[in-house]
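Before any comments, here is the structure.
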Number of protein chains: 2
Amino acid sequence: MAAMLSQTTEYALRAMVALATSSSEALTAQEIAASSHIPLDYLSKVLSLLSRAGLVHSQRGRGGGFQAARPASELTVLEVVTAVDPLRRIKTCPLGLPVHGENLCPLHRKLDDAVRIVEEAFSATTIESLVGGTLCQGETCHAKAV
Amino acid sequence: MAAMLSQTTEYALRAMVALATSSSEALTAQEIAASSHIPLDYLSKVLSLLSRAGLVHSQRGRGGGFQAARPASELTVLEVVTAVDPLRRIKTCPLGLPVHGENLCPLHRKLDDAVRIVEEAFSATTIESLVGGTLCQGETCHAKAV
DNA sequence: CGATATCTGGATAAATATATCCAAATATCC
DNA sequence: GGATATTTGGATATATTTATCCAGATATCG
């Protein structure tokens, strides 16, 4: 029953969209958690991953919070995914010894193809392109849903 | 750290390829487990799912085993995946109330797009097309890998 | 019918992902 | 400097996935 992307990935993307959407200098974890419906304590871990990956800057203490390290127009979905829960390309045979280049069996070549096309789609999608339609982001989701 | 596809899915596909590859009437779970390097007891559960979904026929007792219910040329990867661990299209906003049609926010529309293209790729891939290159299937994987 | 081989399915264990709790470090404000 | 707000990170709890164990049902063979 596994989704294609983990919950951690979903949270990381929501958080980056929240940061990209915000006009203020920085958002606290609490603010992001509230607006994006993410459990605060878990979000803290995810933001920590994003911080270590260099995608956000963090500031401790009163008045602190998180800021995107780069403009949303220069940040892709793939980078966010990779920071918290990388897509795993199949490079070697999962059954045995390493197999290089094109030497995967047809099954694993096809499965890797699927990962690759998702990778390509995500690398062509900026966080900026996810901002604007406020429907599933924050409170407005409930307001506008029917 | 989640892969895009679950271990269960990987096993189900290996098993279907094994059944499609075999020339004999039926394969026992033990034979499939050995040739495809799948834990026997776990494979039993997976084969049970495939059986309930009608993708394989099972026969109990001595001389029994599993057979593909349909020719491999008429069975797609998507059907196998769907039988054991369905891809979950995003149809409603994961944050709030149901949102119909095109009303997902940009983030979830993009994520659903990714699921959709994988779905399309898998529905265009037959199990038959996975048979033949024996590299990552069974013992030969170890033999030919360098 | 008895022995054997096999699937079926329940119970349980181990590993991993997700979530929660809370103390410590750090920065700001007064 | 003291009070407060915040990130950081360790410890633990819960849920889910994966794996294992084993008894029961069922079929074949002699």
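Every chain in the structure tokens has a letter given in the order shown (A, B, ...), and although residue numbers restart at 1 in each chain, ligands are simply numbered from 1 in the order shown.
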Worksheet item: Running DSSP on the backbone, which parts of chain B land in helix (DSSP H, G or I), as a ChimeraX atom specification?
Response: /B:7-21,29-36,40-52,72-74,77-84,106-123,128-130,140-144
Fill in: Within 10 Å of chain D: residues of chain A, using only C-alpha atoms (C1' of nucleotides), as a ChimeraX atom specification
/A:1-2,28-30,44-45,47-48,58-66
Worksheet entry | Selection: 6 Å around range 78-84 of chain B, only C-alpha atoms (C1' of nucleotides), excl. self and same-chain fewer than 6 positions, as number ranges by chain | B: 9, 53, 122-123
Output C-alpha atoms for every residue in the selection just made, as a PDB file, in the first residue's frame.
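File written: again.pdb
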```pdb
ATOM      1  CA  THR B   9       5.426  -4.900  -6.078  1.00  0.00           C
ATOM      2  CA  ALA B  53      -7.000 -10.665  -8.275  1.00  0.00           C
ATOM      3  CA  PHE B 122       3.128   0.577 -16.960  1.00  0.00           C
ATOM      4  CA  SER B 123      -0.096   0.072 -18.847  1.00  0.00           C
TER       5      SER B 123
END
```
Discussion item. With distances taken over only C-alpha atoms (C1' of nucleotides), which residue among B:Leu75, B:Leu49, B:Ala121, B:Ala68 lies nearest DT8 in chain C?
Written reply: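 Of B:Leu75, B:Leu49, B:Ala121, B:Ala68, the one nearest DT8 in chain C, counting only C-alpha atoms (C1' of nucleotides), is B:Leu49.
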Fill in: Selected residue of minimal separation from Leu27 in chain B among C:DT12, C:DC22, C:DA27, C:DT6, counting only C-alpha atoms (C1' of nucleotides)
C:DT6
Is it possible to see chain A as a CSV table (one decimal) with N, CA and C atoms, in the first residue's frame, once it has been laid onto chain B by a least-squares fit on every C-alpha atom in order?
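Now in result.csv:
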```
chain,number,residue,atom,x,y,z
A,1,MET,N,13.3,7.6,2.9
A,1,MET,CA,14.1,6.7,2.1
A,1,MET,C,13.2,5.7,1.3
A,2,ALA,N,12.1,6.1,0.9
A,2,ALA,CA,11.1,5.1,0.3
A,2,ALA,C,11.4,5.0,-1.2
A,3,ALA,N,11.5,3.8,-1.7
A,3,ALA,CA,11.5,3.6,-3.1
A,3,ALA,C,10.2,4.0,-3.7
A,4,MET,N,10.2,4.2,-5.0
A,4,MET,CA,8.9,4.5,-5.6
A,4,MET,C,7.9,3.4,-5.6
A,5,LEU,N,8.5,2.2,-5.7
A,5,LEU,CA,7.6,1.0,-5.7
A,5,LEU,C,8.0,0.1,-4.5
A,6,SER,N,7.0,-0.5,-4.0
A,6,SER,CA,7.3,-1.3,-2.8
A,6,SER,C,8.0,-2.6,-3.1
A,7,GLN,N,8.5,-3.2,-2.1
A,7,GLN,CA,9.1,-4.5,-2.2
A,7,GLN,C,8.1,-5.6,-2.7
A,8,THR,N,6.9,-5.4,-2.2
A,8,THR,CA,5.8,-6.3,-2.6
A,8,THR,C,5.6,-6.3,-4.1
A,9,THR,N,5.6,-5.1,-4.6
A,9,THR,CA,5.4,-4.9,-6.1
A,9,THR,C,6.6,-5.5,-6.9
A,10,GLU,N,7.8,-5.3,-6.4
A,10,GLU,CA,8.9,-5.9,-7.0
A,10,GLU,C,8.8,-7.4,-7.1
A,11,TYR,N,8.4,-8.0,-6.0
A,11,TYR,CA,8.3,-9.5,-5.9
A,11,TYR,C,7.2,-10.0,-6.8
A,12,ALA,N,6.1,-9.3,-6.9
A,12,ALA,CA,5.0,-9.7,-7.7
A,12,ALA,C,5.4,-9.7,-9.2
A,13,LEU,N,6.1,-8.7,-9.6
A,13,LEU,CA,6.5,-8.6,-11.0
A,13,LEU,C,7.5,-9.7,-11.3
A,14,ARG,N,8.5,-9.9,-10.4
A,14,ARG,CA,9.4,-11.0,-10.6
A,14,ARG,C,8.7,-12.4,-10.7
A,15,ALA,N,7.7,-12.6,-9.9
A,15,ALA,CA,7.0,-13.8,-9.9
A,15,ALA,C,6.2,-14.0,-11.2
A,16,MET,N,5.6,-12.9,-11.7
A,16,MET,CA,4.8,-13.0,-13.0
A,16,MET,C,5.8,-13.3,-14.1
A,17,VAL,N,6.9,-12.6,-14.1
A,17,VAL,CA,7.9,-12.9,-15.1
A,17,VAL,C,8.4,-14.3,-15.1
A,18,ALA,N,8.6,-14.8,-13.9
A,18,ALA,CA,9.0,-16.2,-13.8
A,18,ALA,C,7.9,-17.2,-14.3
A,19,LEU,N,6.7,-16.9,-14.0
A,19,LEU,CA,5.6,-17.7,-14.6
A,19,LEU,C,5.5,-17.6,-16.1
A,20,ALA,N,5.8,-16.4,-16.6
A,20,ALA,CA,5.7,-16.2,-18.0
A,20,ALA,C,6.9,-16.9,-18.7
A,21,THR,N,8.0,-16.9,-18.0
A,21,THR,CA,9.2,-17.5,-18.6
A,21,THR,C,9.1,-19.0,-18.7
A,22,SER,N,8.4,-19.6,-17.7
A,22,SER,CA,8.4,-21.0,-17.5
A,22,SER,C,7.6,-21.7,-18.6
A,23,SER,N,8.1,-22.8,-19.1
A,23,SER,CA,7.4,-23.6,-20.1
A,23,SER,C,6.5,-24.6,-19.4
A,24,SER,N,6.8,-25.0,-18.2
A,24,SER,CA,6.1,-26.1,-17.6
A,24,SER,C,4.7,-25.6,-17.2
A,25,GLU,N,3.9,-26.6,-16.9
A,25,GLU,CA,2.5,-26.3,-16.6
A,25,GLU,C,2.3,-25.3,-15.5
A,26,ALA,N,2.9,-25.6,-14.4
A,26,ALA,CA,2.8,-24.8,-13.2
A,26,ALA,C,4.1,-24.7,-12.5
A,27,LEU,N,4.3,-23.7,-11.7
A,27,LEU,CA,5.4,-23.6,-10.9
A,27,LEU,C,5.0,-23.5,-9.4
A,28,THR,N,5.7,-24.2,-8.5
A,28,THR,CA,5.4,-24.0,-7.1
A,28,THR,C,5.9,-22.8,-6.6
A,29,ALA,N,5.4,-22.3,-5.4
A,29,ALA,CA,5.9,-21.1,-4.8
A,29,ALA,C,7.4,-21.3,-4.5
A,30,GLN,N,7.8,-22.5,-4.1
A,30,GLN,CA,9.1,-22.8,-3.8
A,30,GLN,C,10.1,-22.6,-5.0
A,31,GLU,N,9.6,-23.1,-6.2
A,31,GLU,CA,10.4,-22.9,-7.4
A,31,GLU,C,10.6,-21.4,-7.7
A,32,ILE,N,9.5,-20.7,-7.6
A,32,ILE,CA,9.5,-19.3,-7.9
A,32,ILE,C,10.4,-18.5,-6.9
A,33,ALA,N,10.3,-18.9,-5.7
A,33,ALA,CA,11.1,-18.3,-4.6
A,33,ALA,C,12.6,-18.5,-4.9
A,34,ALA,N,12.9,-19.7,-5.3
A,34,ALA,CA,14.3,-20.1,-5.5
A,34,ALA,C,14.9,-19.3,-6.8
A,35,SER,N,14.1,-19.4,-7.9
A,35,SER,CA,14.6,-18.8,-9.1
A,35,SER,C,14.7,-17.3,-9.1
A,36,SER,N,13.8,-16.7,-8.3
A,36,SER,CA,13.7,-15.2,-8.3
A,36,SER,C,14.2,-14.6,-7.1
A,37,HIS,N,14.7,-15.4,-6.2
A,37,HIS,CA,15.3,-14.9,-4.9
A,37,HIS,C,14.3,-14.0,-4.1
A,38,ILE,N,13.2,-14.7,-3.8
A,38,ILE,CA,12.2,-14.1,-3.0
A,38,ILE,C,11.9,-15.0,-1.8
A,39,PRO,N,11.8,-14.4,-0.6
A,39,PRO,CA,11.6,-15.2,0.6
A,39,PRO,C,10.3,-16.0,0.4
A,40,LEU,N,10.4,-17.3,0.6
A,40,LEU,CA,9.2,-18.2,0.3
A,40,LEU,C,7.9,-17.8,1.0
A,41,ASP,N,8.0,-17.5,2.3
A,41,ASP,CA,6.8,-17.3,3.1
A,41,ASP,C,6.1,-16.0,2.7
A,42,TYR,N,7.0,-15.0,2.3
A,42,TYR,CA,6.4,-13.7,1.9
A,42,TYR,C,5.8,-13.9,0.5
A,43,LEU,N,6.5,-14.6,-0.3
A,43,LEU,CA,6.0,-14.8,-1.7
A,43,LEU,C,4.7,-15.4,-1.7
A,44,SER,N,4.4,-16.3,-0.7
A,44,SER,CA,3.2,-17.0,-0.6
A,44,SER,C,2.0,-16.0,-0.5
A,45,LYS,N,2.3,-15.0,0.3
A,45,LYS,CA,1.3,-13.9,0.5
A,45,LYS,C,1.0,-13.2,-0.8
A,46,VAL,N,2.1,-12.9,-1.5
A,46,VAL,CA,2.0,-12.1,-2.7
A,46,VAL,C,1.3,-12.9,-3.8
A,47,LEU,N,1.6,-14.2,-3.9
A,47,LEU,CA,0.9,-15.0,-4.8
A,47,LEU,C,-0.6,-15.1,-4.5
A,48,SER,N,-0.8,-15.1,-3.2
A,48,SER,CA,-2.2,-15.2,-2.8
A,48,SER,C,-3.0,-13.9,-3.3
A,49,LEU,N,-2.3,-12.8,-3.2
A,49,LEU,CA,-2.9,-11.5,-3.7
A,49,LEU,C,-3.2,-11.6,-5.2
A,50,LEU,N,-2.2,-12.2,-5.9
A,50,LEU,CA,-2.3,-12.3,-7.4
A,50,LEU,C,-3.4,-13.2,-7.7
A,51,SER,N,-3.6,-14.3,-6.9
A,51,SER,CA,-4.6,-15.3,-7.2
A,51,SER,C,-6.0,-14.7,-6.9
A,52,ARG,N,-6.1,-13.9,-5.8
A,52,ARG,CA,-7.4,-13.3,-5.6
A,52,ARG,C,-7.8,-12.3,-6.6
A,53,ALA,N,-6.8,-11.6,-7.2
A,53,ALA,CA,-7.0,-10.6,-8.3
A,53,ALA,C,-7.3,-11.3,-9.6
A,54,GLY,N,-7.1,-12.7,-9.6
A,54,GLY,CA,-7.4,-13.4,-10.8
A,54,GLY,C,-6.3,-13.4,-11.9
A,55,LEU,N,-5.1,-13.0,-11.5
A,55,LEU,CA,-4.0,-12.9,-12.4
A,55,LEU,C,-3.3,-14.3,-12.5
A,56,VAL,N,-3.4,-15.1,-11.5
A,56,VAL,CA,-2.8,-16.4,-11.5
A,56,VAL,C,-3.9,-17.4,-11.0
A,57,HIS,N,-3.7,-18.7,-11.5
A,57,HIS,CA,-4.5,-19.7,-11.0
A,57,HIS,C,-3.7,-20.6,-10.1
A,58,SER,N,-4.3,-21.0,-9.0
A,58,SER,CA,-3.5,-21.8,-8.0
A,58,SER,C,-4.1,-23.2,-7.9
A,59,GLN,N,-3.3,-24.2,-7.6
A,59,GLN,CA,-3.7,-25.5,-7.5
A,59,GLN,C,-3.0,-26.1,-6.2
A,60,ARG,N,-3.8,-26.6,-5.3
A,60,ARG,CA,-3.2,-27.2,-4.1
A,60,ARG,C,-2.8,-28.6,-4.3
A,61,GLY,N,-2.1,-29.1,-3.3
A,61,GLY,CA,-1.7,-30.5,-3.2
A,61,GLY,C,-0.6,-30.8,-4.1
A,62,ARG,N,-0.2,-32.1,-4.0
A,62,ARG,CA,0.9,-32.6,-4.8
A,62,ARG,C,0.8,-32.3,-6.3
A,63,GLY,N,1.8,-31.9,-6.9
A,63,GLY,CA,1.7,-31.5,-8.3
A,63,GLY,C,1.1,-30.2,-8.6
A,64,GLY,N,0.7,-29.5,-7.5
A,64,GLY,CA,0.1,-28.2,-7.7
A,64,GLY,C,1.1,-27.1,-7.9
A,65,GLY,N,0.6,-25.9,-7.8
A,65,GLY,CA,1.4,-24.7,-8.1
A,65,GLY,C,0.6,-23.6,-8.7
A,66,PHE,N,1.3,-22.7,-9.3
A,66,PHE,CA,0.7,-21.5,-9.9
A,66,PHE,C,0.9,-21.4,-11.4
A,67,GLN,N,-0.1,-20.9,-12.0
A,67,GLN,CA,0.0,-20.6,-13.5
A,67,GLN,C,-0.6,-19.2,-13.8
A,68,ALA,N,0.0,-18.6,-14.7
A,68,ALA,CA,-0.6,-17.3,-15.2
A,68,ALA,C,-2.0,-17.6,-15.7
A,69,ALA,N,-2.9,-16.7,-15.4
A,69,ALA,CA,-4.3,-16.9,-15.8
A,69,ALA,C,-4.5,-16.5,-17.3
A,70,ARG,N,-3.6,-15.6,-17.7
A,70,ARG,CA,-3.7,-15.1,-19.1
A,70,ARG,C,-2.3,-15.1,-19.8
A,71,PRO,N,-2.3,-15.1,-21.1
A,71,PRO,CA,-1.0,-15.0,-21.8
A,71,PRO,C,-0.3,-13.7,-21.4
A,72,ALA,N,1.1,-13.8,-21.3
A,72,ALA,CA,1.9,-12.7,-20.8
A,72,ALA,C,1.7,-11.5,-21.8
A,73,SER,N,1.4,-11.8,-23.0
A,73,SER,CA,1.2,-10.7,-24.0
A,73,SER,C,-0.1,-9.9,-23.8
A,74,GLU,N,-0.9,-10.4,-22.9
A,74,GLU,CA,-2.2,-9.7,-22.6
A,74,GLU,C,-2.2,-9.3,-21.2
A,75,LEU,N,-1.1,-9.3,-20.5
A,75,LEU,CA,-1.0,-8.9,-19.1
A,75,LEU,C,-0.1,-7.7,-19.0
A,76,THR,N,-0.5,-6.6,-18.4
A,76,THR,CA,0.4,-5.5,-18.3
A,76,THR,C,1.0,-5.4,-16.9
A,77,VAL,N,2.1,-4.6,-16.8
A,77,VAL,CA,2.7,-4.3,-15.5
A,77,VAL,C,1.8,-3.6,-14.6
A,78,LEU,N,1.0,-2.7,-15.2
A,78,LEU,CA,0.0,-2.0,-14.4
A,78,LEU,C,-1.0,-2.9,-13.7
A,79,GLU,N,-1.4,-3.9,-14.4
A,79,GLU,CA,-2.4,-4.9,-13.7
A,79,GLU,C,-1.7,-5.6,-12.5
A,80,VAL,N,-0.5,-5.9,-12.7
A,80,VAL,CA,0.2,-6.6,-11.6
A,80,VAL,C,0.4,-5.7,-10.4
A,81,VAL,N,0.8,-4.5,-10.7
A,81,VAL,CA,1.0,-3.5,-9.7
A,81,VAL,C,-0.3,-3.2,-8.9
A,82,THR,N,-1.3,-3.1,-9.7
A,82,THR,CA,-2.6,-2.8,-9.1
A,82,THR,C,-3.1,-3.9,-8.3
A,83,ALA,N,-2.8,-5.1,-8.6
A,83,ALA,CA,-3.3,-6.3,-7.9
A,83,ALA,C,-2.7,-6.3,-6.5
A,84,VAL,N,-1.4,-5.9,-6.3
A,84,VAL,CA,-0.8,-6.1,-5.0
A,84,VAL,C,-0.5,-4.8,-4.3
A,85,ASP,N,-0.4,-3.7,-5.0
A,85,ASP,CA,0.0,-2.4,-4.3
A,85,ASP,C,-0.3,-1.3,-5.2
A,86,PRO,N,-1.6,-0.9,-5.3
A,86,PRO,CA,-2.0,0.0,-6.4
A,86,PRO,C,-1.3,1.4,-6.3
A,87,LEU,N,-0.9,1.9,-7.4
A,87,LEU,CA,-0.5,3.3,-7.5
A,87,LEU,C,-1.7,4.2,-7.1
A,88,ARG,N,-1.4,5.2,-6.3
A,88,ARG,CA,-2.5,6.0,-5.9
A,88,ARG,C,-2.5,7.3,-6.6
A,89,ARG,N,-3.4,7.5,-7.5
A,89,ARG,CA,-3.7,8.7,-8.1
A,89,ARG,C,-4.2,9.7,-7.1
A,90,ILE,N,-3.8,11.0,-7.2
A,90,ILE,CA,-4.3,12.0,-6.3
A,90,ILE,C,-5.6,12.6,-6.9
A,91,LYS,N,-6.7,12.2,-6.3
A,91,LYS,CA,-8.0,12.7,-6.9
A,91,LYS,C,-8.6,13.8,-6.0
A,92,THR,N,-8.2,13.8,-4.8
A,92,THR,CA,-8.8,14.9,-3.9
A,92,THR,C,-7.6,15.5,-3.1
A,93,CYS,N,-7.8,16.7,-2.7
A,93,CYS,CA,-6.8,17.4,-1.9
A,93,CYS,C,-6.4,16.6,-0.7
A,94,PRO,N,-5.2,16.3,-0.5
A,94,PRO,CA,-4.7,15.6,0.7
A,94,PRO,C,-4.9,16.3,2.0
A,95,LEU,N,-5.1,17.6,1.9
A,95,LEU,CA,-5.2,18.4,3.1
A,95,LEU,C,-6.6,18.6,3.7
A,96,GLY,N,-7.6,18.5,2.8
A,96,GLY,CA,-8.9,18.9,3.3
A,96,GLY,C,-10.0,18.1,2.7
A,97,LEU,N,-11.0,18.8,2.4
A,97,LEU,CA,-12.2,18.2,1.8
A,97,LEU,C,-12.0,17.8,0.4
A,98,PRO,N,-12.8,16.9,-0.1
A,98,PRO,CA,-12.7,16.4,-1.5
A,98,PRO,C,-12.8,17.6,-2.5
A,99,VAL,N,-11.9,17.5,-3.4
A,99,VAL,CA,-11.9,18.5,-4.5
A,99,VAL,C,-12.0,17.8,-5.8
A,100,HIS,N,-13.0,18.1,-6.6
A,100,HIS,CA,-13.2,17.3,-7.8
A,100,HIS,C,-12.6,17.9,-9.0
A,101,GLY,N,-12.5,17.0,-10.0
A,101,GLY,CA,-12.0,17.4,-11.4
A,101,GLY,C,-10.6,18.1,-11.4
A,102,GLU,N,-10.5,19.2,-11.9
A,102,GLU,CA,-9.2,19.9,-12.1
A,102,GLU,C,-8.9,20.8,-10.9
A,103,ASN,N,-9.5,20.6,-9.8
A,103,ASN,CA,-9.4,21.5,-8.7
A,103,ASN,C,-8.3,21.3,-7.7
A,104,LEU,N,-7.3,20.4,-8.1
A,104,LEU,CA,-6.2,20.3,-7.2
A,104,LEU,C,-5.3,21.5,-7.3
A,105,CYS,N,-4.6,21.8,-6.2
A,105,CYS,CA,-3.6,22.9,-6.3
A,105,CYS,C,-2.5,22.5,-7.2
A,106,PRO,N,-1.6,23.4,-7.6
A,106,PRO,CA,-0.6,23.1,-8.5
A,106,PRO,C,0.4,22.0,-8.0
A,107,LEU,N,0.7,22.0,-6.8
A,107,LEU,CA,1.6,21.0,-6.2
A,107,LEU,C,1.0,19.6,-6.5
A,108,HIS,N,-0.3,19.4,-6.1
A,108,HIS,CA,-0.8,18.1,-6.2
A,108,HIS,C,-1.2,17.7,-7.6
A,109,ARG,N,-1.4,18.7,-8.4
A,109,ARG,CA,-1.7,18.4,-9.8
A,109,ARG,C,-0.4,17.9,-10.4
A,110,LYS,N,0.7,18.5,-10.1
A,110,LYS,CA,2.0,18.0,-10.6
A,110,LYS,C,2.4,16.6,-10.1
A,111,LEU,N,2.1,16.4,-8.8
A,111,LEU,CA,2.4,15.1,-8.2
A,111,LEU,C,1.6,14.0,-8.9
A,112,ASP,N,0.3,14.4,-9.1
A,112,ASP,CA,-0.6,13.4,-9.7
A,112,ASP,C,-0.2,13.2,-11.1
A,113,ASP,N,0.3,14.2,-11.8
A,113,ASP,CA,0.9,14.0,-13.2
A,113,ASP,C,2.0,12.9,-13.2
A,114,ALA,N,2.8,13.0,-12.2
A,114,ALA,CA,3.9,12.0,-12.1
A,114,ALA,C,3.3,10.6,-11.9
A,115,VAL,N,2.4,10.5,-11.1
A,115,VAL,CA,1.7,9.1,-10.9
A,115,VAL,C,1.1,8.7,-12.3
A,116,ARG,N,0.5,9.7,-12.9
A,116,ARG,CA,-0.2,9.3,-14.2
A,116,ARG,C,0.7,8.8,-15.2
A,117,ILE,N,1.9,9.5,-15.4
A,117,ILE,CA,2.8,9.1,-16.5
A,117,ILE,C,3.4,7.7,-16.2
A,118,VAL,N,3.6,7.4,-14.9
A,118,VAL,CA,4.0,6.1,-14.5
A,118,VAL,C,3.0,5.0,-14.8
A,119,GLU,N,1.7,5.4,-14.5
A,119,GLU,CA,0.6,4.5,-14.8
A,119,GLU,C,0.5,4.3,-16.3
A,120,GLU,N,0.7,5.3,-17.1
A,120,GLU,CA,0.6,5.1,-18.5
A,120,GLU,C,1.8,4.2,-19.0
A,121,ALA,N,2.9,4.5,-18.5
A,121,ALA,CA,4.1,3.7,-18.9
A,121,ALA,C,3.9,2.2,-18.6
A,122,PHE,N,3.3,2.0,-17.4
A,122,PHE,CA,3.1,0.6,-17.0
A,122,PHE,C,2.0,-0.1,-17.7
A,123,SER,N,1.0,0.7,-18.1
A,123,SER,CA,-0.1,0.1,-18.8
A,123,SER,C,0.3,-0.2,-20.3
A,124,ALA,N,1.4,0.4,-20.7
A,124,ALA,CA,1.8,0.1,-22.1
A,124,ALA,C,2.9,-1.0,-22.1
A,125,THR,N,3.2,-1.5,-21.0
A,125,THR,CA,4.3,-2.6,-20.9
A,125,THR,C,3.7,-3.9,-20.5
A,126,THR,N,3.8,-4.9,-21.4
A,126,THR,CA,3.3,-6.2,-21.1
A,126,THR,C,4.3,-7.0,-20.4
A,127,ILE,N,3.9,-8.0,-19.7
A,127,ILE,CA,4.8,-8.9,-19.0
A,127,ILE,C,5.7,-9.6,-20.0
A,128,GLU,N,5.0,-9.9,-21.2
A,128,GLU,CA,5.8,-10.6,-22.2
A,128,GLU,C,7.1,-9.8,-22.6
A,129,SER,N,6.9,-8.5,-22.6
A,129,SER,CA,8.1,-7.7,-23.1
A,129,SER,C,9.2,-7.7,-22.0
A,130,LEU,N,8.9,-8.3,-20.9
A,130,LEU,CA,10.0,-8.4,-19.8
A,130,LEU,C,10.7,-9.7,-19.8
A,131,VAL,N,10.2,-10.6,-20.7
A,131,VAL,CA,10.8,-12.0,-20.7
A,131,VAL,C,12.0,-12.0,-21.7
A,132,GLY,N,13.0,-12.8,-21.4
A,132,GLY,CA,14.0,-13.0,-22.4
A,132,GLY,C,15.4,-12.6,-22.0
A,133,GLY,N,15.6,-11.3,-21.7
A,133,GLY,CA,16.9,-10.9,-21.2
A,133,GLY,C,17.0,-11.5,-19.8
A,134,THR,N,17.8,-12.6,-19.7
A,134,THR,CA,17.7,-13.3,-18.4
A,134,THR,C,18.6,-12.8,-17.3
A,135,LEU,N,19.2,-11.6,-17.6
A,135,LEU,CA,20.2,-11.1,-16.7
A,135,LEU,C,19.8,-11.1,-15.2
A,136,CYS,N,18.8,-10.3,-14.9
A,136,CYS,CA,18.5,-10.1,-13.5
A,136,CYS,C,17.4,-11.1,-13.1
A,137,GLN,N,17.2,-12.1,-13.8
A,137,GLN,CA,16.2,-13.1,-13.4
A,137,GLN,C,16.9,-14.4,-13.1
A,138,GLY,N,16.7,-14.8,-11.9
A,138,GLY,CA,17.2,-16.1,-11.5
A,138,GLY,C,18.8,-16.2,-11.4
A,139,GLU,N,19.3,-17.4,-11.5
A,139,GLU,CA,20.7,-17.6,-11.2
A,139,GLU,C,21.6,-16.9,-12.2
A,140,THR,N,21.1,-16.8,-13.4
A,140,THR,CA,22.0,-16.3,-14.4
A,140,THR,C,22.5,-14.9,-14.1
A,141,CYS,N,21.7,-14.2,-13.2
A,141,CYS,CA,22.2,-12.9,-12.8
A,141,CYS,C,23.6,-12.9,-12.3
A,142,HIS,N,23.8,-13.9,-11.4
A,142,HIS,CA,25.1,-14.0,-10.7
A,142,HIS,C,26.1,-14.4,-11.7
A,143,ALA,N,25.7,-15.3,-12.6
A,143,ALA,CA,26.7,-15.9,-13.5
A,143,ALA,C,27.3,-14.8,-14.4
A,144,LYS,N,26.4,-14.0,-15.0
A,144,LYS,CA,26.8,-13.0,-16.0
A,144,LYS,C,27.3,-11.7,-15.5
A,145,ALA,N,27.0,-11.4,-14.2
A,145,ALA,CA,27.4,-10.1,-13.7
A,145,ALA,C,28.9,-10.1,-13.5
A,146,VAL,N,29.5,-8.9,-13.7
A,146,VAL,CA,30.9,-8.8,-13.6
A,146,VAL,C,31.3,-8.0,-12.4
```
Practice prompt. Dump as an MDAnalysis selection string the residues of chain C that approach chain A to within 12 Å, counting only C-alpha atoms (C1' of nucleotides).
Written response: chainID C and resid 17:22 25:29
Go ahead and save the residues from that selection, with C-alpha atoms (C1' of nucleotides), as a compact mmCIF listing (two decimals), in the first residue's frame.
```txt
# COMPACT_ATOMS: atom_id res chain seq x y z
C1' DA C 17 8.61 5.28 8.43
C1' DT C 18 5.99 8.47 10.80
C1' DA C 19 4.84 10.98 14.86
C1' DT C 20 5.47 12.84 19.58
C1' DC C 21 7.90 14.51 23.64
C1' DC C 22 11.18 17.27 25.71
C1' DA C 25 21.43 25.66 22.48
C1' DT C 26 20.87 30.16 20.65
C1' DA C 27 19.12 34.50 19.47
C1' DT C 28 16.12 38.71 20.50
C1' DC C 29 13.88 41.97 23.34
```
